[in-house]
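*Asks:* Below is the file coords.csv, which contains CSV, C-alpha atoms.
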chain,number,residue,atom,x,y,z
A,1,MET,CA,-25.6,-15.8,-30.3
A,2,ASP,CA,-23.4,-13.6,-32.4
A,3,ALA,CA,-19.7,-14.0,-31.6
A,4,GLU,CA,-19.2,-10.3,-31.3
A,5,ALA,CA,-22.2,-10.0,-29.0
A,6,ALA,CA,-20.9,-12.8,-26.8
A,7,LYS,CA,-17.5,-11.0,-26.6
A,8,LEU,CA,-19.0,-7.8,-25.4
A,9,LEU,CA,-21.3,-9.6,-23.0
A,10,GLY,CA,-18.2,-11.3,-21.5
A,11,ALA,CA,-16.4,-8.0,-21.2
A,12,GLY,CA,-19.5,-6.6,-19.3
A,13,PHE,CA,-19.5,-9.6,-17.0
A,14,ALA,CA,-15.7,-9.1,-16.4
A,15,ALA,CA,-16.5,-5.6,-15.2
A,16,ILE,CA,-18.5,-7.1,-12.3
A,17,GLY,CA,-15.2,-8.4,-11.0
A,18,MET,CA,-13.9,-4.9,-10.7
A,19,GLY,CA,-16.8,-3.9,-8.5
A,20,ILE,CA,-16.2,-6.9,-6.3
A,21,ALA,CA,-12.5,-6.0,-6.0
A,22,ALA,CA,-13.7,-2.5,-4.9
A,23,LEU,CA,-15.4,-4.2,-2.0
A,24,GLY,CA,-12.1,-6.0,-1.2
A,25,VAL,CA,-10.1,-2.8,-1.3
A,26,GLY,CA,-12.6,-1.0,0.9
A,27,ASN,CA,-12.5,-3.9,3.3
A,28,VAL,CA,-8.7,-3.7,3.6
A,29,PHE,CA,-8.8,0.0,4.5
A,30,ALA,CA,-11.9,-0.4,6.7
A,31,ALA,CA,-10.3,-3.2,8.8
A,32,PHE,CA,-7.1,-1.2,9.0
A,33,LEU,CA,-8.9,1.9,10.3
A,34,GLU,CA,-10.9,-0.1,12.8
A,35,GLY,CA,-7.7,-1.6,14.2
A,36,ALA,CA,-5.8,1.7,14.0
A,37,LEU,CA,-8.4,3.6,15.9
A,38,ARG,CA,-8.4,1.0,18.7
A,39,ASN,CA,-4.6,1.2,19.0
A,40,PRO,CA,-3.3,4.4,17.3
A,41,GLY,CA,0.2,3.8,18.7
A,42,ALA,CA,0.7,0.7,16.6
A,43,ALA,CA,-0.9,2.0,13.4
A,44,ASP,CA,2.1,3.7,11.9
A,45,GLY,CA,4.2,0.5,12.0
A,46,GLN,CA,1.6,-1.4,10.1
A,47,GLN,CA,1.2,0.9,7.0
A,48,GLY,CA,3.5,-1.3,4.9
A,49,ARG,CA,1.3,-4.3,5.6
A,50,LEU,CA,-1.8,-2.2,4.8
A,51,PHE,CA,-0.4,-1.5,1.3
A,52,ILE,CA,0.6,-5.1,0.7
A,53,GLY,CA,-3.0,-6.1,1.4
A,54,PHE,CA,-4.2,-3.3,-0.7
A,55,ALA,CA,-1.9,-4.3,-3.6
A,56,GLY,CA,-3.2,-7.9,-3.4
A,57,ALA,CA,-6.8,-7.0,-3.4
A,58,GLU,CA,-6.3,-4.4,-6.2
A,59,LEU,CA,-4.4,-6.8,-8.4
A,60,LEU,CA,-7.4,-9.1,-8.7
A,61,GLY,CA,-9.6,-6.2,-9.8
A,62,LEU,CA,-7.0,-5.2,-12.3
A,63,LEU,CA,-6.9,-8.8,-13.6
A,64,ALA,CA,-10.7,-8.4,-14.3
A,65,PHE,CA,-9.9,-5.3,-16.2
A,66,VAL,CA,-7.2,-7.0,-18.2
A,67,THR,CA,-9.8,-9.8,-19.1
A,68,MET,CA,-12.2,-7.1,-20.2
A,69,ILE,CA,-9.6,-5.3,-22.4
A,70,ILE,CA,-8.4,-8.6,-24.0
A,71,LEU,CA,-12.0,-9.5,-24.8
A,72,VAL,CA,-12.8,-6.1,-26.4
A,73,PHE,CA,-9.5,-5.3,-28.2
A,74,VAL,CA,-7.6,-8.6,-28.7
A,75,ALA,CA,-9.9,-11.6,-28.9
B,1,MET,CA,-29.5,12.8,-34.2
B,2,ALA,CA,-26.0,14.1,-35.0
B,3,GLU,CA,-23.2,11.6,-35.0
B,4,GLY,CA,-20.6,12.1,-32.3
B,5,GLY,CA,-16.9,11.6,-32.9
B,6,LYS,CA,-15.7,8.1,-32.4
B,7,ILE,CA,-14.1,7.5,-29.1
B,8,ASP,CA,-10.6,5.9,-29.5
B,9,PRO,CA,-9.1,5.7,-26.0
B,10,MET,CA,-6.3,3.3,-27.0
B,11,HIS,CA,-4.7,5.7,-29.5
B,12,GLN,CA,-2.8,7.5,-26.7
B,13,PHE,CA,-0.7,4.3,-26.0
B,14,LEU,CA,0.6,4.1,-29.6
B,15,ILE,CA,4.4,4.0,-29.8
B,16,GLU,CA,5.6,5.9,-32.9
B,17,PRO,CA,8.9,7.5,-33.9
B,18,VAL,CA,9.4,11.1,-32.9
B,19,LEU,CA,8.8,13.4,-35.9
B,20,GLY,CA,8.1,10.4,-38.1
B,21,LEU,CA,11.9,9.6,-38.4
B,22,ARG,CA,12.3,5.9,-38.7
B,23,TRP,CA,15.9,4.6,-38.3
B,24,ASN,CA,16.4,1.1,-39.6
B,25,VAL,CA,19.8,-0.4,-38.5
B,26,ALA,CA,20.7,-3.7,-40.0
B,27,GLY,CA,17.0,-4.7,-40.4
B,28,TYR,CA,16.1,-3.7,-36.8
B,29,ASP,CA,13.8,-0.7,-36.1
B,30,LEU,CA,15.8,1.5,-33.8
B,31,SER,CA,13.7,4.6,-34.1
B,32,PHE,CA,13.8,7.1,-31.3
B,33,THR,CA,10.1,6.7,-30.2
B,34,ASN,CA,7.8,8.9,-28.1
B,35,SER,CA,8.3,6.2,-25.3
B,36,ALA,CA,12.0,6.7,-25.4
B,37,LEU,CA,11.6,10.5,-25.5
B,38,TRP,CA,9.4,10.5,-22.4
B,39,MET,CA,11.9,8.2,-20.6
B,40,VAL,CA,14.6,10.8,-21.3
B,41,ILE,CA,12.3,13.6,-20.1
B,42,THR,CA,11.6,11.6,-16.9
B,43,LEU,CA,15.3,11.0,-16.4
B,44,VAL,CA,16.3,14.7,-17.0
B,45,THR,CA,13.5,15.9,-14.6
B,46,LEU,CA,14.8,13.4,-12.0
B,47,TRP,CA,18.4,14.6,-12.4
B,48,LEU,CA,17.3,18.2,-12.1
B,49,PHE,CA,15.3,17.4,-9.0
B,50,MET,CA,18.2,15.5,-7.4
B,51,LEU,CA,21.0,17.9,-8.4
B,52,GLY,CA,19.0,20.9,-7.1
B,53,GLY,CA,18.6,19.2,-3.7
B,54,MET,CA,21.9,17.4,-3.1
B,55,LYS,CA,23.6,20.4,-1.4
B,56,ARG,CA,24.5,18.8,2.0
B,57,GLU,CA,23.9,22.1,3.8
B,58,LEU,CA,23.6,21.9,7.5
B,59,VAL,CA,20.3,23.7,7.5
B,60,PRO,CA,18.4,22.4,4.5
B,61,GLY,CA,16.4,24.7,2.3
B,62,ARG,CA,13.0,23.7,0.9
B,63,TRP,CA,14.4,21.9,-2.1
B,64,GLN,CA,17.0,19.9,-0.1
B,65,ALA,CA,14.3,19.1,2.4
B,66,ALA,CA,12.2,17.6,-0.4
B,67,VAL,CA,15.0,15.4,-1.7
B,68,GLU,CA,16.0,14.3,1.8
B,69,GLY,CA,12.3,13.6,2.5
B,70,PHE,CA,12.3,11.1,-0.4
B,71,THR,CA,15.6,9.5,0.4
B,72,GLY,CA,14.7,9.2,4.1
B,73,PHE,CA,11.3,7.7,3.1
B,74,VAL,CA,12.9,5.0,1.0
B,75,GLN,CA,15.6,4.2,3.5
B,76,ASN,CA,13.1,4.0,6.3
B,77,MET,CA,10.9,1.6,4.2
B,78,LEU,CA,13.9,-0.6,3.6
B,79,THR,CA,15.2,-0.7,7.2
B,80,SER,CA,11.7,-1.4,8.6
B,81,ASN,CA,11.2,-4.2,6.1
B,82,ILE,CA,14.6,-5.8,5.8
B,83,GLY,CA,16.4,-4.6,8.9
B,84,PRO,CA,19.8,-2.9,9.1
B,85,GLU,CA,21.1,-4.7,6.0
B,86,GLY,CA,18.4,-3.0,4.0
B,87,LYS,CA,20.5,0.1,3.6
B,88,ARG,CA,22.6,-1.6,0.9
B,89,PHE,CA,19.5,-1.7,-1.4
B,90,THR,CA,18.6,2.0,-1.0
B,91,PRO,CA,20.2,3.1,-4.3
B,92,TYR,CA,18.3,0.6,-6.3
B,93,VAL,CA,14.9,0.9,-4.6
B,94,PHE,CA,15.3,4.7,-4.6
B,95,SER,CA,16.0,4.8,-8.4
B,96,LEU,CA,13.1,2.5,-9.0
B,97,PHE,CA,10.6,4.4,-6.8
B,98,MET,CA,11.6,7.8,-8.2
B,99,PHE,CA,11.6,6.7,-11.9
B,100,ILE,CA,8.2,5.2,-11.6
B,101,LEU,CA,6.8,8.1,-9.6
B,102,PHE,CA,8.1,10.7,-12.1
B,103,ALA,CA,7.1,8.7,-15.1
B,104,ASN,CA,3.5,8.3,-13.7
B,105,ILE,CA,3.1,11.9,-12.8
B,106,LEU,CA,4.7,13.3,-16.0
B,107,GLY,CA,2.2,11.1,-18.0
B,108,LEU,CA,-0.6,13.0,-16.3
B,109,MET,CA,0.8,16.5,-17.1
B,110,PRO,CA,-1.3,18.6,-19.4
B,111,VAL,CA,1.3,18.8,-22.1
B,112,GLY,CA,-1.5,18.4,-24.7
B,113,ILE,CA,-2.2,22.1,-24.7
B,114,VAL,CA,1.0,22.6,-26.8
B,115,PRO,CA,-0.1,21.7,-30.3
B,116,GLY,CA,1.4,18.6,-31.7
B,117,TRP,CA,2.5,17.3,-28.3
B,118,HIS,CA,1.0,14.5,-26.3
B,119,PRO,CA,2.0,13.2,-22.9
B,120,PHE,CA,3.0,9.6,-23.0
B,121,THR,CA,3.0,7.5,-19.9
B,122,VAL,CA,6.1,5.3,-20.0
B,123,THR,CA,4.7,3.0,-17.3
B,124,SER,CA,1.5,2.2,-19.3
B,125,HIS,CA,3.4,-0.4,-21.3
B,126,LEU,CA,4.0,-4.0,-20.1
B,127,THR,CA,7.4,-4.0,-21.8
B,128,VAL,CA,8.7,-1.2,-19.5
B,129,THR,CA,7.1,-2.3,-16.2
B,130,GLY,CA,7.9,-6.0,-17.0
B,131,VAL,CA,11.6,-5.2,-17.4
B,132,LEU,CA,11.6,-3.2,-14.1
B,133,ALA,CA,9.9,-6.2,-12.4
B,134,ILE,CA,12.4,-8.6,-14.0
B,135,ILE,CA,15.3,-6.5,-12.7
B,136,SER,CA,13.8,-6.6,-9.2
B,137,PHE,CA,13.2,-10.4,-9.5
B,138,ALA,CA,16.8,-10.9,-10.8
B,139,ILE,CA,18.3,-9.0,-7.9
B,140,VAL,CA,16.2,-11.1,-5.4
B,141,LEU,CA,17.5,-14.3,-7.1
B,142,ILE,CA,21.1,-13.0,-7.1
B,143,VAL,CA,21.0,-11.9,-3.5
B,144,GLY,CA,19.2,-15.0,-2.4
B,145,PHE,CA,21.5,-17.6,-4.1
B,146,GLY,CA,24.6,-15.5,-3.3
B,147,ARG,CA,24.0,-15.3,0.4
B,148,HIS,CA,22.4,-18.7,1.1
B,149,GLY,CA,23.4,-20.9,-1.9
B,150,PHE,CA,21.1,-23.8,-2.3
B,151,HIS,CA,19.8,-23.2,1.2
B,152,PHE,CA,17.7,-20.5,-0.5
B,153,PHE,CA,15.2,-23.2,-1.5
B,154,SER,CA,14.2,-23.5,2.1
B,155,LEU,CA,12.2,-20.3,1.4
B,156,PHE,CA,9.6,-22.6,-0.3
B,157,VAL,CA,9.2,-24.8,2.8
B,158,PRO,CA,7.9,-22.8,5.8
B,159,HIS,CA,8.9,-23.8,9.3
B,160,GLY,CA,6.9,-26.5,10.9
B,161,THR,CA,5.4,-28.0,7.7
B,162,PRO,CA,4.5,-31.7,8.2
B,163,VAL,CA,6.7,-34.0,6.1
B,164,ILE,CA,3.8,-35.4,4.1
B,165,MET,CA,2.8,-31.9,3.1
B,166,ILE,CA,6.3,-30.8,2.0
B,167,PRO,CA,5.9,-31.8,-1.8
B,168,LEU,CA,2.6,-30.0,-2.1
B,169,ILE,CA,3.6,-26.9,-0.1
B,170,PHE,CA,6.9,-26.7,-2.1
B,171,VAL,CA,5.1,-26.6,-5.4
B,172,VAL,CA,2.5,-24.0,-4.2
B,173,GLU,CA,5.2,-21.7,-2.7
B,174,LEU,CA,7.4,-22.1,-5.8
B,175,MET,CA,4.4,-21.0,-8.0
B,176,SER,CA,3.6,-18.1,-5.8
B,177,PHE,CA,7.3,-17.1,-6.0
B,178,LEU,CA,7.6,-17.4,-9.7
B,179,VAL,CA,4.4,-15.4,-10.4
B,180,ARG,CA,5.8,-12.4,-8.5
B,181,PRO,CA,7.5,-10.6,-11.4
B,182,PHE,CA,4.3,-10.9,-13.5
B,183,SER,CA,2.0,-9.6,-10.8
B,184,LEU,CA,4.5,-6.8,-10.0
B,185,GLY,CA,4.8,-5.6,-13.6
B,186,LEU,CA,1.1,-6.2,-14.5
B,187,ARG,CA,-0.2,-4.2,-11.5
B,188,LEU,CA,1.6,-1.0,-12.4
B,189,PHE,CA,0.9,-1.3,-16.2
B,190,VAL,CA,-2.8,-2.0,-15.8
B,191,ALA,CA,-3.3,0.6,-13.1
B,192,MET,CA,-1.8,3.3,-15.4
B,193,THR,CA,-3.5,2.1,-18.5
B,194,ALA,CA,-6.9,1.9,-16.9
B,195,GLY,CA,-6.7,5.4,-15.5
B,196,HIS,CA,-5.7,6.9,-18.8
B,197,ILE,CA,-8.4,5.1,-20.7
B,198,LEU,CA,-11.0,6.4,-18.2
B,199,LEU,CA,-9.7,10.0,-18.5
B,200,LYS,CA,-9.7,9.8,-22.3
B,201,VAL,CA,-13.2,8.4,-22.5
B,202,LEU,CA,-14.5,11.2,-20.2
B,203,ALA,CA,-12.6,13.8,-22.3
B,204,ALA,CA,-14.2,12.5,-25.5
B,205,PHE,CA,-17.6,12.9,-23.7
B,206,VAL,CA,-16.8,16.5,-23.0
B,207,ILE,CA,-15.7,17.3,-26.6
B,208,ASN,CA,-18.5,15.3,-28.3
B,209,GLY,CA,-21.1,17.1,-26.1
B,210,ILE,CA,-19.7,20.5,-27.0
B,211,ASN,CA,-19.9,19.6,-30.7
B,212,LEU,CA,-23.5,18.5,-30.4
B,213,GLY,CA,-24.8,21.8,-29.1
B,214,PRO,CA,-25.6,23.7,-25.8
B,215,GLY,CA,-28.2,21.3,-24.6
B,216,TYR,CA,-25.7,18.4,-24.6
B,217,VAL,CA,-23.1,20.7,-22.9
B,218,ALA,CA,-25.4,21.1,-19.9
B,219,ILE,CA,-26.3,17.4,-19.5
B,220,VAL,CA,-23.2,15.6,-20.8
B,221,SER,CA,-20.1,17.9,-21.0
B,222,LEU,CA,-20.3,19.7,-17.7
B,223,PRO,CA,-20.9,16.6,-15.4
B,224,SER,CA,-18.2,14.7,-17.4
B,225,PHE,CA,-15.7,17.6,-16.9
B,226,VAL,CA,-16.4,17.8,-13.2
B,227,LEU,CA,-15.9,14.1,-12.9
B,228,MET,CA,-12.7,14.4,-14.9
B,229,LEU,CA,-11.3,16.8,-12.4
B,230,GLY,CA,-12.0,14.4,-9.6
B,231,ILE,CA,-10.6,11.4,-11.5
B,232,THR,CA,-7.4,13.4,-12.3
B,233,LEU,CA,-6.9,14.0,-8.6
B,234,LEU,CA,-7.5,10.3,-7.9
B,235,GLU,CA,-5.0,9.4,-10.7
B,236,LEU,CA,-2.4,11.5,-9.0
B,237,LEU,CA,-3.0,9.5,-5.8
B,238,VAL,CA,-2.8,6.3,-7.8
B,239,ALA,CA,0.4,7.4,-9.5
B,240,ALA,CA,2.0,7.8,-6.0
B,241,ILE,CA,0.5,4.7,-4.5
B,242,GLN,CA,1.6,2.5,-7.4
B,243,ALA,CA,5.2,3.7,-7.2
B,244,TYR,CA,5.1,3.1,-3.5
B,245,VAL,CA,3.6,-0.4,-3.9
B,246,PHE,CA,6.2,-1.3,-6.5
B,247,ALA,CA,9.0,-0.2,-4.2
B,248,LEU,CA,7.4,-1.8,-1.1
B,249,LEU,CA,6.9,-5.2,-2.8
B,250,THR,CA,10.4,-5.1,-4.1
B,251,SER,CA,11.7,-4.5,-0.5
B,252,VAL,CA,9.4,-7.3,0.8
B,253,TYR,CA,10.8,-9.7,-1.8
B,254,LEU,CA,14.3,-8.6,-1.0
B,255,ASN,CA,13.6,-9.3,2.7
B,256,ASP,CA,12.7,-12.9,1.7
B,257,ALA,CA,16.1,-13.2,-0.1
B,258,VAL,CA,18.2,-11.6,2.7
B,259,ASN,CA,16.6,-13.2,5.8
B,260,LEU,CA,14.7,-16.2,4.3
B,261,HIS,CA,11.8,-16.9,6.7
Translate this file's structure into structure tokens.
*Replies:*
Amino acid sequence: MDAEAAKLLGAGFAAIGMGIAALGVGNVFAAFLEGALRNPGAADGQQGRLFIGFAGAELLGLLAFVTMIILVFVA
Amino acid sequence: MAEGGKIDPMHQFLIEPVLGLRWNVAGYDLSFTNSALWMVITLVTLWLFMLGGMKRELVPGRWQAAVEGFTGFVQNMLTSNIGPEGKRFTPYVFSLFMFILFANILGLMPVGIVPGWHPFTVTSHLTVTGVLAIISFAIVLIVGFGRHGFHFFSLFVPHGTPVIMIPLIFVVELMSFLVRPFSLGLRLFVAMTAGHILLKVLAAFVINGINLGPGYVAIVSLPSFVLMLGITLLELLVAAIQAYVFALLTSVYLNDAVNLH
């Protein structure tokens, strides 16, 4: 296989990781809403933790994006 | 088929001297770049915003209420994460939050309609976000070692760890601690870069479609433009969330340094 083709294929595969991170981010907010609707009184106090979870899930998707950009523009 | 213009989404991140003036001082390139220019613009906007609102009137007007909303928000975040001692860090975390927020939002402003001007997102470079993250990390280290001395290392051994596990847990916790400045800086930088690349690619679709004729306008340009509007709104949300997450994680890390576990 051509090296250039392999690079672009790798970048495409890395994009899958971003989709999976989207599942993770959706899961964070879904679980938060589920809990928050059961006990709305406690929901406001947990917003910080919500965003910490969101940041963790999002970071891994962004790492997939970095891999992609490095493959296309740097490697 | 007509050739469309080449899409070059990375060009917007190019750092170049303002007006092409290059200042070389003793072999170092000290040019006033577009990055520096937009940092100054961010700073001036921030000053104007703060000076307009710091009136200390008993009944706040709209502007003062906006400023007090931001300061109250940051102070509330710190006291809920760190406790009463968190108030001491309000000036730092507030500056950090407001600078990142203003830089993110100014980078999204439609300055491009003025010919020859181009908005530049300061936070889309790892050098800037990395330095901000290193400052946060350094403050965590200084506060941690200053308050607890070498007892600060107990942060890496959670309560109730079995003795056999201590060497392993210590290494794992140390790694996760040392990776913090990287993840903090990388998150902001990549989130901003990704959003701007996406917007630029969609903008190129719109322009290329217009150049190719009315048929392409209907099937390419118009949907791309509508999508761009939506993505721009999403980017405004991301700009605010990333500034919030940066400040929030800084306060969480400060909590580790102040209170240990």
*Asks:* Which chain B residues are at most 8 Å from chain A (counting only C-alpha atoms), as number ranges by chain?
*Replies:* B: 77, 183, 187, 190-191, 194, 245, 248-249
*Asks:* So, counting only C-alpha atoms, which residue among B:Phe137, B:Tyr216, B:Phe120, B:Phe170 is closest to His11 (chain B)?
*Replies:* B:Phe120
*Asks:* Would you list the residues near (-21.1, 19.5, -21.6), meaning any protein, DNA or RNA residue with an atom at most 12 Å from that point in file coordinates, counting all atoms listed in the file, as a ChimeraX atom specification?
*Replies:* /B:202-228
*Asks:* Tell me, as a ChimeraX atom specification, which residues lie within 8 Å of region 19-21 of chain A, counting all atoms listed in the file; anything in the same chain fewer than 2 positions away does not count.
*Replies:* /A:15-17,23-25,57-58,60-61
*Asks:* When you draw a straight line from CA of Val163 (chain B) to CA of His151 (chain B), how long is it in Å?
*Replies:*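 The value is 17.7 Å.
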*Asks:* Which value, in Å to one decimal, gives the distance between CA of Asp8 (chain B) and CA of Thr129 (chain B)?
*Replies:*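 One can read the CA of Asp8 (chain B) to CA of Thr129 (chain B) distance as 23.6 Å.
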*Asks:* In Å, with one decimal, what is the gap from CA of Phe13 (chain B) to CA of Leu198 (chain B)?
*Replies:*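 Atom-to-atom, CA of Phe13 (chain B) to CA of Leu198 (chain B), that is 13.1 Å.
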*Asks:* Kindly list the centre and edge lengths in Å, rounded to one decimal, for the axis-aligned box that covers all listed atoms of region 51-63 of chain A plus 4 Å on each of its six sides, as JSON.
*Replies:*
{"center_x": -4.5, "center_y": -5.3, "center_z": -6.1, "size_x": 18.2, "size_y": 15.6, "size_z": 23.0}
*Asks:* When distances are computed from only C-alpha atoms, which of A:Val72, A:Asp44, A:Gly12, A:Leu50 shows the smallest separation from Phe29 (chain A)?
*Replies:*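 Result for the nearest residue to Phe29 (chain A): A:Leu50.
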*Asks:* Save region 23-112 of chain B to a file: C-alpha atoms, as a PDB file, in the first residue's frame.
*Replies:*
ATOM      1  CA  TRP B  23      11.806  43.068  14.357  1.00  0.00           C
ATOM      2  CA  ASN B  24      15.003  41.149  14.902  1.00  0.00           C
ATOM      3  CA  VAL B  25      16.613  41.927  18.241  1.00  0.00           C
ATOM      4  CA  ALA B  26      20.023  40.351  18.848  1.00  0.00           C
ATOM      5  CA  GLY B  27      19.218  37.408  16.604  1.00  0.00           C
ATOM      6  CA  TYR B  28      15.784  36.763  18.117  1.00  0.00           C
ATOM      7  CA  ASP B  29      12.562  37.368  16.223  1.00  0.00           C
ATOM      8  CA  LEU B  30      10.593  39.699  18.516  1.00  0.00           C
ATOM      9  CA  SER B  31       7.993  40.760  15.949  1.00  0.00           C
ATOM     10  CA  PHE B  32       4.614  42.008  17.141  1.00  0.00           C
ATOM     11  CA  THR B  33       2.552  39.145  15.712  1.00  0.00           C
ATOM     12  CA  ASN B  34      -1.169  38.804  15.075  1.00  0.00           C
ATOM     13  CA  SER B  35      -1.267  36.493  18.096  1.00  0.00           C
ATOM     14  CA  ALA B  36       0.161  39.249  20.301  1.00  0.00           C
ATOM     15  CA  LEU B  37      -2.210  41.777  18.732  1.00  0.00           C
ATOM     16  CA  TRP B  38      -5.255  39.657  19.579  1.00  0.00           C
ATOM     17  CA  MET B  39      -3.999  39.077  23.108  1.00  0.00           C
ATOM     18  CA  VAL B  40      -3.817  42.862  23.513  1.00  0.00           C
ATOM     19  CA  ILE B  41      -7.325  43.216  22.037  1.00  0.00           C
ATOM     20  CA  THR B  42      -8.585  40.574  24.479  1.00  0.00           C
ATOM     21  CA  LEU B  43      -6.935  42.383  27.376  1.00  0.00           C
ATOM     22  CA  VAL B  44      -8.307  45.809  26.382  1.00  0.00           C
ATOM     23  CA  THR B  45     -11.836  44.385  25.957  1.00  0.00           C
ATOM     24  CA  LEU B  46     -11.544  42.743  29.346  1.00  0.00           C
ATOM     25  CA  TRP B  47     -10.382  45.982  30.964  1.00  0.00           C
ATOM     26  CA  LEU B  48     -13.188  47.975  29.377  1.00  0.00           C
ATOM     27  CA  PHE B  49     -15.696  45.381  30.541  1.00  0.00           C
ATOM     28  CA  MET B  50     -14.364  45.383  34.089  1.00  0.00           C
ATOM     29  CA  LEU B  51     -13.837  49.144  34.438  1.00  0.00           C
ATOM     30  CA  GLY B  52     -17.335  49.821  33.133  1.00  0.00           C
ATOM     31  CA  GLY B  53     -18.827  47.548  35.772  1.00  0.00           C
ATOM     32  CA  MET B  54     -16.695  48.165  38.884  1.00  0.00           C
ATOM     33  CA  LYS B  55     -18.854  50.998  40.221  1.00  0.00           C
ATOM     34  CA  ARG B  56     -19.796  49.616  43.668  1.00  0.00           C
ATOM     35  CA  GLU B  57     -23.229  51.217  43.479  1.00  0.00           C
ATOM     36  CA  LEU B  58     -25.752  49.995  46.005  1.00  0.00           C
ATOM     37  CA  VAL B  59     -28.316  49.267  43.315  1.00  0.00           C
ATOM     38  CA  PRO B  60     -26.301  47.777  40.432  1.00  0.00           C
ATOM     39  CA  GLY B  61     -27.076  48.801  36.872  1.00  0.00           C
ATOM     40  CA  ARG B  62     -27.065  46.271  34.049  1.00  0.00           C
ATOM     41  CA  TRP B  63     -23.331  46.475  33.418  1.00  0.00           C
ATOM     42  CA  GLN B  64     -22.380  46.188  37.068  1.00  0.00           C
ATOM     43  CA  ALA B  65     -24.785  43.279  37.448  1.00  0.00           C
ATOM     44  CA  ALA B  66     -23.041  41.499  34.550  1.00  0.00           C
ATOM     45  CA  VAL B  67     -19.592  41.963  36.116  1.00  0.00           C
ATOM     46  CA  GLU B  68     -20.849  40.930  39.548  1.00  0.00           C
ATOM     47  CA  GLY B  69     -22.473  37.902  37.956  1.00  0.00           C
ATOM     48  CA  PHE B  70     -19.090  36.749  36.636  1.00  0.00           C
ATOM     49  CA  THR B  71     -17.172  37.439  39.861  1.00  0.00           C
ATOM     50  CA  GLY B  72     -19.896  35.783  41.924  1.00  0.00           C
ATOM     51  CA  PHE B  73     -19.887  32.791  39.602  1.00  0.00           C
ATOM     52  CA  VAL B  74     -16.129  32.251  39.926  1.00  0.00           C
ATOM     53  CA  GLN B  75     -16.154  32.830  43.680  1.00  0.00           C
ATOM     54  CA  ASN B  76     -19.039  30.413  44.101  1.00  0.00           C
ATOM     55  CA  MET B  77     -17.201  27.783  42.057  1.00  0.00           C
ATOM     56  CA  LEU B  78     -14.100  28.159  44.237  1.00  0.00           C
ATOM     57  CA  THR B  79     -15.899  28.068  47.585  1.00  0.00           C
ATOM     58  CA  SER B  80     -17.943  25.027  46.576  1.00  0.00           C
ATOM     59  CA  ASN B  81     -14.834  23.162  45.358  1.00  0.00           C
ATOM     60  CA  ILE B  82     -12.175  24.235  47.877  1.00  0.00           C
ATOM     61  CA  GLY B  83     -14.160  25.514  50.839  1.00  0.00           C
ATOM     62  CA  PRO B  84     -13.823  28.869  52.603  1.00  0.00           C
ATOM     63  CA  GLU B  85     -10.108  29.067  51.783  1.00  0.00           C
ATOM     64  CA  GLY B  86     -10.925  29.073  48.091  1.00  0.00           C
ATOM     65  CA  LYS B  87     -11.620  32.805  48.199  1.00  0.00           C
ATOM     66  CA  ARG B  88      -7.881  33.494  48.149  1.00  0.00           C
ATOM     67  CA  PHE B  89      -7.610  32.066  44.641  1.00  0.00           C
ATOM     68  CA  THR B  90     -10.470  34.097  43.198  1.00  0.00           C
ATOM     69  CA  PRO B  91      -8.242  36.738  41.521  1.00  0.00           C
ATOM     70  CA  TYR B  92      -6.171  34.133  39.680  1.00  0.00           C
ATOM     71  CA  VAL B  93      -9.028  31.867  38.592  1.00  0.00           C
ATOM     72  CA  PHE B  94     -11.159  34.866  37.629  1.00  0.00           C
ATOM     73  CA  SER B  95      -8.398  36.292  35.395  1.00  0.00           C
ATOM     74  CA  LEU B  96      -7.852  32.868  33.856  1.00  0.00           C
ATOM     75  CA  PHE B  97     -11.546  32.290  33.197  1.00  0.00           C
ATOM     76  CA  MET B  98     -12.210  35.742  31.768  1.00  0.00           C
ATOM     77  CA  PHE B  99      -9.104  35.785  29.579  1.00  0.00           C
ATOM     78  CA  ILE B 100      -9.899  32.387  28.047  1.00  0.00           C
ATOM     79  CA  LEU B 101     -13.582  33.254  27.640  1.00  0.00           C
ATOM     80  CA  PHE B 102     -12.880  36.583  25.944  1.00  0.00           C
ATOM     81  CA  ALA B 103     -10.113  35.151  23.741  1.00  0.00           C
ATOM     82  CA  ASN B 104     -12.392  32.291  22.624  1.00  0.00           C
ATOM     83  CA  ILE B 105     -15.327  34.540  21.843  1.00  0.00           C
ATOM     84  CA  LEU B 106     -13.258  37.273  20.148  1.00  0.00           C
ATOM     85  CA  GLY B 107     -11.785  34.599  17.881  1.00  0.00           C
ATOM     86  CA  LEU B 108     -15.314  33.812  16.667  1.00  0.00           C
ATOM     87  CA  MET B 109     -16.200  37.449  15.920  1.00  0.00           C
ATOM     88  CA  PRO B 110     -16.899  38.226  12.241  1.00  0.00           C
ATOM     89  CA  VAL B 111     -13.969  40.635  11.933  1.00  0.00           C
ATOM     90  CA  GLY B 112     -13.240  39.188   8.484  1.00  0.00           C
TER      91      GLY B 112
END
